[in-house]
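The structure under discussion appears below in the form of structure tokens.
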Amino acid sequence: MNGKARSGGAGEAHTLTSVTITDEGLTLRGDGDFPIDVMFDDRRIFSFWLQRDTEVRGGENVHLWPPVLRRFLDGTTELALVDHVSGDPLHVETVQLGSGTGRIAVEDAQGNPMGLDKSLRLSRLFTSRSAEHLEPLLDAIGTVLGALEEAGVKPFLAYGTLLGAVRDGTFIGHDSDADLAYVSAHEHPVDAILESFRLHRRLLAMGYEIVRHSGLAFKVIVRESDGSPRGLDVFGGLMRGDTLYLMGEVGHPFSSAWLEPRSEVTLAGRVFPAPHAPEHLLEAMYGPGWRVPDPAYKFETPEAVRRRLTGWFRGTRVGLDGRWERFQRTGGRMPDRDPSKLVKWVLEREPDLRTAVDIGCGSGRDVMWLARRGVDAWGLDYFPRDFRAADRRAAKKGLSASFEWMNLDELRSVLVMGATLSRKPGPRIVLARHVLEATDAVGRENLLRLAKMVTRGSGRLYLQMRSSDPESRRAGLPPLALERLRAQVEDLGGTVLEEHELDQHEQPVAGRSSAPTPFSRWVVTWDR
């Protein structure tokens, strides 16, 4: 059936005039742009906006199934498309997806219902949780608020938790975690960071598990009554003149009078502190339309604000938005003893080599192989757990193999590592095997900058790469344009000495396709 729904906010009727559902996704025709809930057997799975979140094909709007959901789409369900604001159905149809014959169940391994939050992360949403399950989270909110207060800050509910309390008096059903915030009395970012780590240590001492997001934000892990983990985010902020900066999305004109003295709001029957004028903070977070529910809300942080928050506080976390996570490889497994063909090729050409640096070392197999041959070998990677086993083995065997964390998307990380390695004995070489495909333009430029610092006057950079890489495309990264890469090398004063085009099987990067595809090897040097 196709149907008409009336927006609860403005009284505007929305209509879907045609809907086609396939294994690829949803193809729709309708009027205007508004949020739609996708329901499987009367349970919301995710939401999207008719125009904003679709692509136009032949005059129709196409919404592909979210990748994280595809593994569940094998069976039958009654699929309903519902106007989120009014709750009225726009289309209801029993569909069969994939080749399965049973009912589609979007659940975790324990059979708990799951759905996608506004960031399209698969989670156990509040709408599927009973009051009994949420009691530990409410208890933790009260305890953490009290601990933060005792530590000298004035915390309050924030983001979706504040929004749910003000608008509905409870958690937002399509949300999956809770948010707290405070505004530091300090105006300098460094002082605010030191304060945040002091709060972090206090909560650790109370027995909480903490995961740090940035210099001014961290997550407290709490357990629901059934043992399920639930995140409680603590966002710090500060006032700079007449602007409030609050992790993770706010840089907005603000008055300190809107913060204190704090008011109170009710959340799921409990009373918690809120800013003095919570509507002003909600407008800074969600815009003037914050009163209208939007389960697919997307933060659109101004670029100037994003860069400032990143420069002050995110630092080492740059790039942890999925780009690198999609290329996470070994999960800490012991490395293969067999080296890559690239590193064997390099050592044949560099018999006097004394120091080697492997960028994107993964499990560390090439680093260990070089160290066994007397080379002072260094492995750099964004995921320390990948090389942890190799690091332990190197220490046990007394090998000259060192492993360090580094982020190619964060200039400070690159410069510190470059300065350190440029002082090691020469000849020095740098290897980067299928790293350029796995990062963006900033990461590529920083890789070249690091290689220049390490090898200038003492050695060469050896690159292996594919200009067309399926994994990179799936991760949303731009293709590697070799001519653009050459220009980047030359802009940094480098020269591509050699280019080798190969069409042969190479050991795969762990976790990625092993199909043999053409790839390139470059040898790069810097003389200025």
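How things are named: the first chain in the structure tokens is A, the next is B, and so on; residues count from 1 in each chain; ligands count from 1 in the order shown.
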*Write down as a ChimeraX atom specification the residues of stretch 229-423 of chain A whose backbone DSSP state falls under strand (DSSP E).*
/A:229-240,243-246,250-253,263-267,270-274,355-359,376-381,401-405
*Selection: 7 Å around A:Val523, only C-alpha atoms, excl. self and same-chain fewer than 5 positions, as a list in words*: Arg460, Leu461, Tyr462, Leu463, Val496, Leu497, Glu498 and Glu499 of chain A
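For the atom pair formed by atom CA of A:Ala432 and atom CA of A:Gly379, the distance is 10.4 Å, given to one decimal.
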*asked:* For A:Gln96, find every residue with an atom within 12 Å (counting only C-alpha atoms), except residues of its own chain fewer than 2 positions away, and show them as a VMD selection string.
replied: chain A and resid 21 to 23 40 73 to 79 93 to 94 98 to 104
*Just asking: which residues within stretch 256-482 of chain A are helix (DSSP H, G or I) according to DSSP, as a VMD selection string?*
chain A and resid 256 to 258 278 to 286 303 to 317 325 to 327 341 to 349 365 to 372 384 to 397 411 to 421 436 to 438 441 to 455 470 to 474 482
Selection near A:Glu300, 12 Å with only C-alpha atoms, sequence-local residues under 6 positions removed, as an mmCIF file with N, CA, C and O atoms, in the first residue's frame:
data_model
loop_
_atom_site.group_PDB
_atom_site.id
_atom_site.type_symbol
_atom_site.label_atom_id
_atom_site.label_comp_id
_atom_site.auth_asym_id
_atom_site.auth_seq_id
_atom_site.Cartn_x
_atom_site.Cartn_y
_atom_site.Cartn_z
ATOM 1 N N GLY A 248 31.399 17.127 21.140
ATOM 2 C CA GLY A 248 32.206 17.079 20.009
ATOM 3 C C GLY A 248 31.767 17.924 18.841
ATOM 4 O O GLY A 248 32.436 17.884 17.825
ATOM 5 N N GLU A 249 30.686 18.774 18.890
ATOM 6 C CA GLU A 249 30.231 19.424 17.667
ATOM 7 C C GLU A 249 29.961 20.913 17.800
ATOM 8 O O GLU A 249 29.575 21.533 16.824
ATOM 9 N N VAL A 250 30.114 21.509 18.958
ATOM 10 C CA VAL A 250 29.594 22.857 19.170
ATOM 11 C C VAL A 250 30.697 23.902 19.162
ATOM 12 O O VAL A 250 31.711 23.768 19.859
ATOM 13 N N GLY A 251 30.505 24.944 18.371
ATOM 14 C CA GLY A 251 31.265 26.184 18.426
ATOM 15 C C GLY A 251 30.284 27.272 18.061
ATOM 16 O O GLY A 251 30.033 27.527 16.875
ATOM 17 N N ALA A 284 22.150 25.401 19.961
ATOM 18 C CA ALA A 284 23.548 25.377 19.531
ATOM 19 C C ALA A 284 23.933 24.000 19.013
ATOM 20 O O ALA A 284 24.760 23.868 18.105
ATOM 21 N N MET A 285 23.336 22.941 19.598
ATOM 22 C CA MET A 285 23.680 21.574 19.200
ATOM 23 C C MET A 285 22.926 21.123 17.948
ATOM 24 O O MET A 285 23.496 20.472 17.072
ATOM 25 N N TYR A 286 21.625 21.436 17.862
ATOM 26 C CA TYR A 286 20.776 20.863 16.832
ATOM 27 C C TYR A 286 20.118 21.886 15.919
ATOM 28 O O TYR A 286 19.380 21.500 15.008
ATOM 29 N N GLY A 287 20.363 23.167 16.141
ATOM 30 C CA GLY A 287 19.743 24.177 15.310
ATOM 31 C C GLY A 287 18.368 24.561 15.829
ATOM 32 O O GLY A 287 17.837 23.949 16.765
ATOM 33 N N ARG A 306 35.202 22.780 13.228
ATOM 34 C CA ARG A 306 35.805 21.441 13.220
ATOM 35 C C ARG A 306 37.320 21.509 13.303
ATOM 36 O O ARG A 306 37.951 20.778 14.082
#
*One decimal, Å: what's the distance from atom CA of A:His276 over to atom CA of A:Tyr182, could you say?*
12.5 Å
*A:Val454, A:Leu399, A:Val190, A:Leu97: which is nearest A:Ser422, counting only C-alpha atoms?*
A:Val454
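Computed from the coordinates, the atom CA of A:Met417 to atom CA of A:Phe519 distance equals 28.0 Å.
Shell of A:Pro155 at 8 Å, with only C-alpha atoms counted and residues fewer than 2 places along the chain excluded, is Leu145, Leu148, Glu149, Val153, Leu157, Leu180, Ala181, Tyr182, Val183, Pro273 and Ala274 of chain A.
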Pull C-alpha atoms from the residues just selected and write them as a short mmCIF file (atom, residue, chain, number, x, y, z; two decimals), in the first residue's frame.
data_model
loop_
_atom_site.label_atom_id
_atom_site.label_comp_id
_atom_site.auth_asym_id
_atom_site.auth_seq_id
_atom_site.Cartn_x
_atom_site.Cartn_y
_atom_site.Cartn_z
CA LEU A 145 27.50 13.56 37.74
CA LEU A 148 32.38 15.29 38.39
CA GLU A 149 30.75 17.77 40.77
CA VAL A 153 33.16 21.07 37.60
CA LEU A 157 22.89 16.39 30.66
CA LEU A 180 26.97 14.45 29.90
CA ALA A 181 28.88 17.70 29.56
CA TYR A 182 30.50 20.45 31.58
CA VAL A 183 32.02 23.82 30.73
CA PRO A 273 21.04 18.97 36.35
CA ALA A 274 20.71 20.89 33.09
#
